[in-house]
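*Asks:* Structure below; questions to follow.
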Amino acid sequence: MTSRVPVLLSSSSVFPERTAAAFQLAAALGYDGVEVMVWTDAVSQDVGALRGLAEHYGVPVLSVHAPCLLVTQRVWSPDPWERLRRSAEMAAALGAPTVVVHPPFTWQRDYARNFADGLARIAGEFPELRLPVENMYPVRMAGRQFVPYVPGWDPTETGYPSYTLDLSHCAASHTDAMAMADRMGAGLAHVHLGDGTGEGRDEHLVPGRGNQPCAELLSSLAGRGFTGSVAVEVTTRGAKSRAVREADLREALEFARQHLGTPSPVDA
């Protein structure tokens, strides 16, 4: 049997619950690991606390999402290079092979100017890590569209050693996810699994509830020689209860395992 692609639960998928809830739910539902979104929750910034949660619940941290969001611009440091380095240090300390990175914002001029070289420098310092750059999307407001990233929202147009493919972002940018995966080629290192309807906003729906080729993309990974992981990154903010959130995350995991062609824990 081919090696199993790990399916991770992004800690962003349990918001507004805190980081610790991601470990609890990942263990209860049978996820292979957790992707830690580093944000304002102090636990998400603390290697010791994360190691303790991973050991307590028996669920490893297999990916770290660097604090690249608007709301995390001062987590650890206002310097984006310091935030990225701290993310790499955290991943290395926890044994996670992946650090997810966003393209620079337009106002981060110095960071953007040296982004590719700086990324390569950090990758050289942490050879056990991959730092896949994630595809983003244009922002649409009041009938107008603008791109808040430099040099753009599509990292394949610049070219990087590795990429994160986010299917919800493909929907928001009206991009063919399969074609983007083809452009990423052997650099495709990580997948953010979420669905969307193509309405021009980032929805992060449970896979199967939108119109993105989530099943096709997952089924194609083996043929692409994919050696990375798939992180379920869905929005459960509107869940009426913990039980509803848990049901959504179980459905997403079952979808991923089914289309990756890997057995569930019951069948293994």
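How things are named: the first chain in the structure tokens is A, the next is B, and so on; residues count from 1 in each chain; ligands count from 1 in the order shown.
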If we count only C-alpha atoms, what is near stretch 256-259 of chain A at a cut-off of 6 Å, once residues fewer than 3 positions away on the same chain are taken out, given as a JSON list (two decimals) with N, CA, C and O atoms, in the first residue's frame?
*Replies:*
[["chain", "number", "residue", "atom", "x", "y", "z"],
["A", 215, "ALA", "N", -12.65, 16.76, -4.43],
["A", 215, "ALA", "CA", -12.48, 15.32, -4.59],
["A", 215, "ALA", "C", -11.44, 15.01, -5.66],
["A", 215, "ALA", "O", -10.54, 14.17, -5.46],
["A", 218, "LEU", "N", -7.81, 15.85, -4.47],
["A", 218, "LEU", "CA", -7.29, 14.86, -3.53],
["A", 218, "LEU", "C", -6.96, 13.56, -4.24],
["A", 218, "LEU", "O", -5.92, 12.94, -3.98],
["A", 219, "SER", "N", -7.84, 13.13, -5.14],
["A", 219, "SER", "CA", -7.63, 11.87, -5.85],
["A", 219, "SER", "C", -6.41, 11.93, -6.76],
["A", 219, "SER", "O", -5.81, 10.90, -7.07],
["A", 253, "LEU", "N", -13.09, 15.29, 7.54],
["A", 253, "LEU", "CA", -12.06, 14.23, 7.63],
["A", 253, "LEU", "C", -12.45, 13.02, 6.79],
["A", 253, "LEU", "O", -11.63, 12.46, 6.06],
["A", 262, "THR", "N", -7.39, 6.57, 1.41],
["A", 262, "THR", "CA", -6.76, 6.01, 2.61],
["A", 262, "THR", "C", -7.84, 5.49, 3.54],
["A", 262, "THR", "O", -8.96, 5.99, 3.58]]
*Asks:* Name all residues at most 8 Å from stretch 31-45 of chain A (count only C-alpha atoms; drop same-chain ones fewer than 5 positions away) and give them as an MDAnalysis selection string.
*Replies:* chainID A and resid 6:12 18:20 22:23 26 50 59:67 71:72 75:76 231 253
*Asks:* Could you save the residues just selected, with N, CA, C and O atoms, as a short mmCIF file (atom, residue, chain, number, x, y, z; two decimals), in the first residue's frame?
*Replies:*
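Below is the file that was written, part.cif:
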data_model
loop_
_atom_site.label_atom_id
_atom_site.label_comp_id
_atom_site.auth_asym_id
_atom_site.auth_seq_id
_atom_site.Cartn_x
_atom_site.Cartn_y
_atom_site.Cartn_z
N PRO A 6 -1.01 12.35 5.45
CA PRO A 6 -1.58 12.78 6.73
C PRO A 6 -2.67 13.84 6.52
O PRO A 6 -2.50 14.76 5.72
N VAL A 7 -3.77 13.67 7.24
CA VAL A 7 -4.85 14.67 7.22
C VAL A 7 -4.82 15.40 8.56
O VAL A 7 -4.99 14.79 9.62
N LEU A 8 -4.59 16.71 8.50
CA LEU A 8 -4.42 17.52 9.71
C LEU A 8 -5.66 18.37 9.94
O LEU A 8 -6.38 18.72 9.01
N LEU A 9 -5.87 18.73 11.19
CA LEU A 9 -6.91 19.68 11.55
C LEU A 9 -6.25 21.03 11.82
O LEU A 9 -5.42 21.15 12.73
N SER A 10 -6.58 22.03 11.01
CA SER A 10 -6.08 23.37 11.28
C SER A 10 -6.76 23.91 12.52
O SER A 10 -7.98 23.81 12.67
N SER A 11 -5.98 24.52 13.40
CA SER A 11 -6.57 25.09 14.61
C SER A 11 -7.52 26.24 14.27
O SER A 11 -8.41 26.57 15.06
N SER A 12 -7.39 26.81 13.06
CA SER A 12 -8.33 27.85 12.65
C SER A 12 -9.73 27.30 12.43
O SER A 12 -10.71 28.05 12.46
N ARG A 18 -10.44 27.90 21.24
CA ARG A 18 -9.02 28.20 21.28
C ARG A 18 -8.19 27.05 20.72
O ARG A 18 -8.69 25.99 20.37
N THR A 19 -6.89 27.26 20.68
CA THR A 19 -5.97 26.29 20.10
C THR A 19 -6.08 24.92 20.75
O THR A 19 -6.03 23.89 20.07
N ALA A 20 -6.21 24.89 22.05
CA ALA A 20 -6.27 23.60 22.75
C ALA A 20 -7.43 22.74 22.27
O ALA A 20 -7.32 21.51 22.21
N ALA A 22 -8.46 22.39 19.31
CA ALA A 22 -8.10 21.71 18.07
C ALA A 22 -7.45 20.36 18.36
O ALA A 22 -7.73 19.37 17.67
N PHE A 23 -6.60 20.31 19.37
CA PHE A 23 -5.97 19.04 19.73
C PHE A 23 -7.01 18.06 20.27
O PHE A 23 -6.99 16.87 19.92
N ALA A 26 -9.14 16.93 17.28
CA ALA A 26 -8.34 16.09 16.38
C ALA A 26 -8.18 14.69 16.93
O ALA A 26 -8.30 13.69 16.20
N LEU A 50 2.32 23.85 23.28
CA LEU A 50 1.92 23.02 22.15
C LEU A 50 2.47 21.61 22.28
O LEU A 50 1.77 20.63 21.98
N VAL A 59 -1.57 13.65 19.58
CA VAL A 59 -1.75 14.18 18.23
C VAL A 59 -0.59 15.14 17.92
O VAL A 59 -0.48 16.19 18.57
N PRO A 60 0.28 14.82 16.98
CA PRO A 60 1.44 15.67 16.72
C PRO A 60 1.09 16.95 15.98
O PRO A 60 0.10 17.02 15.24
N VAL A 61 1.93 17.96 16.16
CA VAL A 61 1.87 19.15 15.31
C VAL A 61 2.67 18.82 14.06
O VAL A 61 3.87 18.55 14.13
N LEU A 62 2.02 18.85 12.89
CA LEU A 62 2.68 18.49 11.64
C LEU A 62 2.78 19.66 10.67
O LEU A 62 3.33 19.52 9.59
N SER A 63 2.24 20.81 11.07
CA SER A 63 2.37 22.02 10.26
C SER A 63 2.17 23.23 11.16
O SER A 63 1.37 23.20 12.09
N VAL A 64 2.92 24.28 10.85
CA VAL A 64 2.78 25.57 11.54
C VAL A 64 2.44 26.61 10.49
O VAL A 64 3.13 26.73 9.47
N HIS A 65 1.36 27.34 10.72
CA HIS A 65 0.99 28.44 9.82
C HIS A 65 1.53 29.72 10.42
O HIS A 65 1.11 30.15 11.48
N ALA A 66 2.50 30.31 9.74
CA ALA A 66 3.11 31.54 10.24
C ALA A 66 2.06 32.63 10.40
O ALA A 66 1.06 32.65 9.68
N PRO A 67 2.26 33.57 11.35
CA PRO A 67 1.29 34.64 11.58
C PRO A 67 1.36 35.71 10.48
O PRO A 67 2.03 36.72 10.60
N VAL A 71 -4.69 40.32 11.37
CA VAL A 71 -4.87 40.39 12.83
C VAL A 71 -3.66 39.88 13.59
O VAL A 71 -3.63 39.96 14.82
N THR A 72 -2.65 39.34 12.89
CA THR A 72 -1.49 38.80 13.60
C THR A 72 -0.21 39.56 13.25
O THR A 72 0.88 39.03 13.45
N VAL A 75 2.01 39.75 16.36
CA VAL A 75 2.30 38.54 17.12
C VAL A 75 3.81 38.29 17.06
O VAL A 75 4.41 38.30 15.98
N TRP A 76 4.43 38.10 18.22
CA TRP A 76 5.86 37.91 18.36
C TRP A 76 6.65 39.17 18.08
O TRP A 76 7.51 39.56 18.86
N ALA A 231 -4.37 19.73 5.15
CA ALA A 231 -4.93 20.32 6.37
C ALA A 231 -6.36 20.77 6.10
O ALA A 231 -6.60 21.55 5.16
N LEU A 253 -13.09 15.29 7.54
CA LEU A 253 -12.06 14.23 7.63
C LEU A 253 -12.45 13.02 6.79
O LEU A 253 -11.63 12.46 6.06
#
*Asks:* In Å, with one decimal, what is the gap from atom CA of A:Phe15 to atom CA of A:Ser168?
*Replies:*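 Atom-to-atom, atom CA of A:Phe15 and atom CA of A:Ser168 are spaced 16.9 Å apart.
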*Asks:* Distance atom CA of A:Thr197-atom CA of A:Gln212, one decimal place?
*Replies:* 7.1 Å
*Asks:* Can you list, as a compact mmCIF listing (two decimals) with all heavy atoms, in the first residue's frame, every protein, DNA or RNA residue that comes within 12 Å of A:Leu188 when you count only C-alpha atoms, leaving out same-chain residues fewer than 6 positions away?
*Replies:*
# COMPACT_ATOMS: atom_id res chain seq x y z
N THR A 98 6.47 21.38 8.01
CA THR A 98 5.89 22.40 7.13
C THR A 98 5.63 23.70 7.86
O THR A 98 5.09 23.70 8.97
CB THR A 98 4.55 21.89 6.54
OG1 THR A 98 4.79 20.65 5.86
CG2 THR A 98 3.95 22.89 5.58
N VAL A 100 3.63 27.11 6.69
CA VAL A 100 2.85 27.76 5.64
C VAL A 100 3.09 29.27 5.69
O VAL A 100 3.05 29.89 6.76
CB VAL A 100 1.34 27.47 5.82
CG1 VAL A 100 0.51 28.20 4.77
CG2 VAL A 100 1.09 25.96 5.75
N ARG A 130 9.93 22.56 4.94
CA ARG A 130 9.48 23.17 3.70
C ARG A 130 8.66 24.39 4.08
O ARG A 130 7.90 24.35 5.05
CB ARG A 130 8.65 22.19 2.86
CG ARG A 130 9.45 20.98 2.43
CD ARG A 130 8.60 19.99 1.64
NE ARG A 130 8.57 20.31 0.22
CZ ARG A 130 7.96 19.57 -0.69
NH1 ARG A 130 7.32 18.46 -0.33
NH2 ARG A 130 7.97 19.91 -1.98
N LEU A 131 8.81 25.47 3.30
CA LEU A 131 8.09 26.72 3.55
C LEU A 131 7.22 27.04 2.33
O LEU A 131 7.54 27.94 1.54
CB LEU A 131 9.07 27.86 3.83
CG LEU A 131 9.79 27.83 5.19
CD1 LEU A 131 10.99 26.90 5.17
CD2 LEU A 131 10.24 29.22 5.60
N PRO A 132 6.14 26.29 2.13
CA PRO A 132 5.33 26.46 0.92
C PRO A 132 4.51 27.74 0.95
O PRO A 132 3.77 28.02 1.90
CB PRO A 132 4.43 25.21 0.93
CG PRO A 132 4.33 24.82 2.37
CD PRO A 132 5.65 25.19 2.99
N VAL A 133 4.63 28.55 -0.12
CA VAL A 133 3.92 29.82 -0.23
C VAL A 133 2.51 29.55 -0.75
O VAL A 133 2.31 28.82 -1.72
CB VAL A 133 4.66 30.77 -1.18
CG1 VAL A 133 3.94 32.12 -1.25
CG2 VAL A 133 6.11 30.98 -0.70
N GLU A 134 1.53 30.16 -0.09
CA GLU A 134 0.11 29.86 -0.35
C GLU A 134 -0.49 30.79 -1.39
O GLU A 134 -0.21 32.00 -1.42
CB GLU A 134 -0.65 30.02 0.98
CG GLU A 134 -2.11 29.63 0.91
CD GLU A 134 -2.77 29.63 2.29
OE1 GLU A 134 -2.07 29.91 3.29
OE2 GLU A 134 -3.97 29.36 2.36
N ASN A 135 -1.33 30.22 -2.26
CA ASN A 135 -2.10 31.05 -3.19
C ASN A 135 -3.17 31.82 -2.42
O ASN A 135 -3.84 31.28 -1.54
CB ASN A 135 -2.74 30.20 -4.28
CG ASN A 135 -3.76 29.19 -3.76
OD1 ASN A 135 -3.39 28.27 -3.02
ND2 ASN A 135 -5.02 29.34 -4.14
N PRO A 155 1.24 32.74 -6.32
CA PRO A 155 2.68 32.58 -6.15
C PRO A 155 3.36 31.88 -7.32
O PRO A 155 4.57 32.00 -7.49
CB PRO A 155 2.81 31.76 -4.86
CG PRO A 155 1.52 31.01 -4.77
CD PRO A 155 0.48 31.93 -5.36
N THR A 156 2.58 31.16 -8.15
CA THR A 156 3.22 30.46 -9.27
C THR A 156 3.70 31.43 -10.34
O THR A 156 4.55 31.09 -11.16
CB THR A 156 2.26 29.43 -9.91
OG1 THR A 156 1.15 30.10 -10.55
CG2 THR A 156 1.72 28.46 -8.87
N GLY A 159 7.17 32.14 -8.76
CA GLY A 159 7.95 30.91 -8.71
C GLY A 159 8.69 30.76 -7.39
O GLY A 159 9.50 31.61 -7.02
N TYR A 160 8.35 29.70 -6.65
CA TYR A 160 9.00 29.39 -5.38
C TYR A 160 9.29 27.89 -5.34
O TYR A 160 8.69 27.12 -6.09
CB TYR A 160 8.10 29.77 -4.20
CG TYR A 160 7.80 31.25 -4.12
CD1 TYR A 160 6.59 31.76 -4.60
CD2 TYR A 160 8.73 32.14 -3.59
CE1 TYR A 160 6.32 33.12 -4.54
CE2 TYR A 160 8.47 33.50 -3.53
CZ TYR A 160 7.26 33.98 -4.01
OH TYR A 160 7.00 35.33 -3.96
N PRO A 161 10.18 27.47 -4.45
CA PRO A 161 10.50 26.04 -4.38
C PRO A 161 9.31 25.17 -3.98
O PRO A 161 9.21 24.02 -4.40
CB PRO A 161 11.61 25.97 -3.33
CG PRO A 161 12.22 27.33 -3.33
CD PRO A 161 11.09 28.27 -3.60
N SER A 162 8.40 25.71 -3.14
CA SER A 162 7.26 24.90 -2.72
C SER A 162 6.03 25.78 -2.49
O SER A 162 6.15 26.99 -2.24
CB SER A 162 7.59 24.09 -1.46
OG SER A 162 7.92 24.92 -0.37
N TYR A 163 4.86 25.12 -2.56
CA TYR A 163 3.59 25.84 -2.52
C TYR A 163 2.58 25.14 -1.62
O TYR A 163 2.59 23.91 -1.47
CB TYR A 163 2.96 25.90 -3.92
CG TYR A 163 3.81 26.53 -4.97
CD1 TYR A 163 4.57 25.74 -5.83
CD2 TYR A 163 3.84 27.92 -5.14
CE1 TYR A 163 5.35 26.32 -6.82
CE2 TYR A 163 4.62 28.50 -6.13
CZ TYR A 163 5.37 27.70 -6.97
OH TYR A 163 6.15 28.27 -7.95
N THR A 164 1.67 25.96 -1.07
CA THR A 164 0.44 25.47 -0.44
C THR A 164 -0.71 25.81 -1.37
O THR A 164 -0.88 26.97 -1.76
CB THR A 164 0.21 26.13 0.93
OG1 THR A 164 1.24 25.73 1.84
CG2 THR A 164 -1.14 25.73 1.52
N LEU A 165 -1.51 24.80 -1.72
CA LEU A 165 -2.69 25.02 -2.56
C LEU A 165 -3.92 25.10 -1.66
O LEU A 165 -4.25 24.14 -0.96
CB LEU A 165 -2.86 23.89 -3.56
CG LEU A 165 -4.12 23.92 -4.44
CD1 LEU A 165 -4.16 25.19 -5.28
CD2 LEU A 165 -4.20 22.70 -5.33
N ASP A 166 -4.60 26.25 -1.66
CA ASP A 166 -5.81 26.47 -0.88
C ASP A 166 -7.00 26.50 -1.83
O ASP A 166 -7.12 27.41 -2.65
CB ASP A 166 -5.70 27.77 -0.09
CG ASP A 166 -6.85 27.97 0.89
OD1 ASP A 166 -8.01 27.94 0.43
OD2 ASP A 166 -6.59 28.15 2.09
N MET A 178 -7.30 22.69 -10.31
CA MET A 178 -6.51 21.62 -10.93
C MET A 178 -5.40 22.21 -11.80
O MET A 178 -4.27 21.71 -11.80
CB MET A 178 -7.42 20.71 -11.76
CG MET A 178 -8.50 20.01 -10.96
SD MET A 178 -7.84 18.90 -9.68
CE MET A 178 -7.28 17.54 -10.70
N MET A 180 -4.03 25.12 -11.30
CA MET A 180 -3.04 25.70 -10.40
C MET A 180 -2.14 24.60 -9.84
O MET A 180 -0.92 24.79 -9.73
CB MET A 180 -3.71 26.47 -9.25
CG MET A 180 -2.72 27.00 -8.24
SD MET A 180 -3.35 28.31 -7.19
CE MET A 180 -3.20 29.71 -8.30
N ALA A 181 -2.72 23.45 -9.49
CA ALA A 181 -1.91 22.33 -9.01
C ALA A 181 -0.91 21.91 -10.08
O ALA A 181 0.25 21.59 -9.78
CB ALA A 181 -2.80 21.16 -8.62
N ASP A 182 -1.34 21.93 -11.34
CA ASP A 182 -0.43 21.59 -12.43
C ASP A 182 0.71 22.59 -12.50
O ASP A 182 1.88 22.21 -12.71
CB ASP A 182 -1.18 21.59 -13.77
CG ASP A 182 -2.17 20.43 -13.90
OD1 ASP A 182 -2.06 19.47 -13.13
OD2 ASP A 182 -3.05 20.52 -14.78
N LEU A 217 -9.01 16.89 -6.81
CA LEU A 217 -7.67 17.30 -6.42
C LEU A 217 -7.05 16.27 -5.48
O LEU A 217 -5.90 15.85 -5.66
CB LEU A 217 -7.71 18.69 -5.78
CG LEU A 217 -6.41 19.44 -5.44
CD1 LEU A 217 -5.79 18.96 -4.14
CD2 LEU A 217 -5.39 19.34 -6.57
N SER A 220 -6.04 13.15 -7.18
CA SER A 220 -4.92 13.29 -8.10
C SER A 220 -3.57 13.33 -7.40
O SER A 220 -2.52 13.24 -8.07
CB SER A 220 -5.09 14.59 -8.91
OG SER A 220 -4.74 15.75 -8.16
N LEU A 221 -3.55 13.46 -6.08
CA LEU A 221 -2.29 13.71 -5.38
C LEU A 221 -1.31 12.55 -5.52
O LEU A 221 -0.10 12.77 -5.70
CB LEU A 221 -2.55 14.02 -3.91
CG LEU A 221 -3.23 15.37 -3.63
CD1 LEU A 221 -3.47 15.54 -2.13
CD2 LEU A 221 -2.42 16.54 -4.19
N ALA A 222 -1.80 11.33 -5.45
CA ALA A 222 -0.89 10.18 -5.56
C ALA A 222 -0.17 10.19 -6.90
O ALA A 222 1.04 9.98 -6.98
CB ALA A 222 -1.66 8.88 -5.38
N ARG A 224 0.52 12.71 -8.62
CA ARG A 224 1.42 13.86 -8.69
C ARG A 224 2.71 13.62 -7.90
O ARG A 224 3.57 14.49 -7.83
CB ARG A 224 0.72 15.12 -8.15
CG ARG A 224 -0.48 15.56 -8.97
CD ARG A 224 -1.19 16.76 -8.33
NE ARG A 224 -2.41 17.11 -9.02
CZ ARG A 224 -2.48 17.89 -10.09
NH1 ARG A 224 -1.38 18.43 -10.57
NH2 ARG A 224 -3.63 18.15 -10.67
N GLY A 225 2.80 12.48 -7.24
CA GLY A 225 3.97 12.21 -6.41
C GLY A 225 3.99 13.04 -5.15
O GLY A 225 5.06 13.33 -4.59
N PHE A 226 2.82 13.41 -4.66
CA PHE A 226 2.68 14.29 -3.50
C PHE A 226 3.22 13.62 -2.24
O PHE A 226 2.89 12.48 -1.93
CB PHE A 226 1.20 14.62 -3.32
CG PHE A 226 0.88 15.57 -2.21
CD1 PHE A 226 1.15 16.92 -2.31
CD2 PHE A 226 0.26 15.12 -1.05
CE1 PHE A 226 0.83 17.81 -1.30
CE2 PHE A 226 -0.08 16.00 -0.03
CZ PHE A 226 0.21 17.34 -0.16
N THR A 227 4.07 14.34 -1.51
CA THR A 227 4.66 13.78 -0.28
C THR A 227 4.35 14.65 0.94
O THR A 227 4.95 14.47 1.99
CB THR A 227 6.19 13.67 -0.42
OG1 THR A 227 6.74 14.97 -0.71
CG2 THR A 227 6.57 12.69 -1.53
N GLY A 228 3.41 15.59 0.78
CA GLY A 228 3.10 16.51 1.87
C GLY A 228 1.90 16.07 2.67
O GLY A 228 1.61 14.87 2.81
N SER A 229 1.18 17.04 3.22
CA SER A 229 0.02 16.76 4.06
C SER A 229 -1.16 17.61 3.59
O SER A 229 -0.99 18.59 2.86
CB SER A 229 0.33 17.05 5.54
OG SER A 229 0.86 18.35 5.70
N VAL A 230 -2.34 17.22 4.03
CA VAL A 230 -3.58 17.93 3.73
C VAL A 230 -4.16 18.43 5.04
O VAL A 230 -4.38 17.64 5.97
CB VAL A 230 -4.60 17.00 3.02
CG1 VAL A 230 -5.96 17.68 2.90
CG2 VAL A 230 -4.08 16.58 1.65
*Asks:* Nearest to A:Ala189: which of A:Asp202, A:Gly118, A:Val234, A:Val101 is it, counting only C-alpha atoms?
*Replies:*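 Under the stated criterion, the closest residue is A:Val101.
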*Asks:* Would you give me, as a ChimeraX atom specification, the residues in stretch 10-207 of chain A that DSSP reads as alpha helix (DSSP H)?
*Replies:* /A:19-29,47-57,80-94,109-113,115-125,167-172,177-184
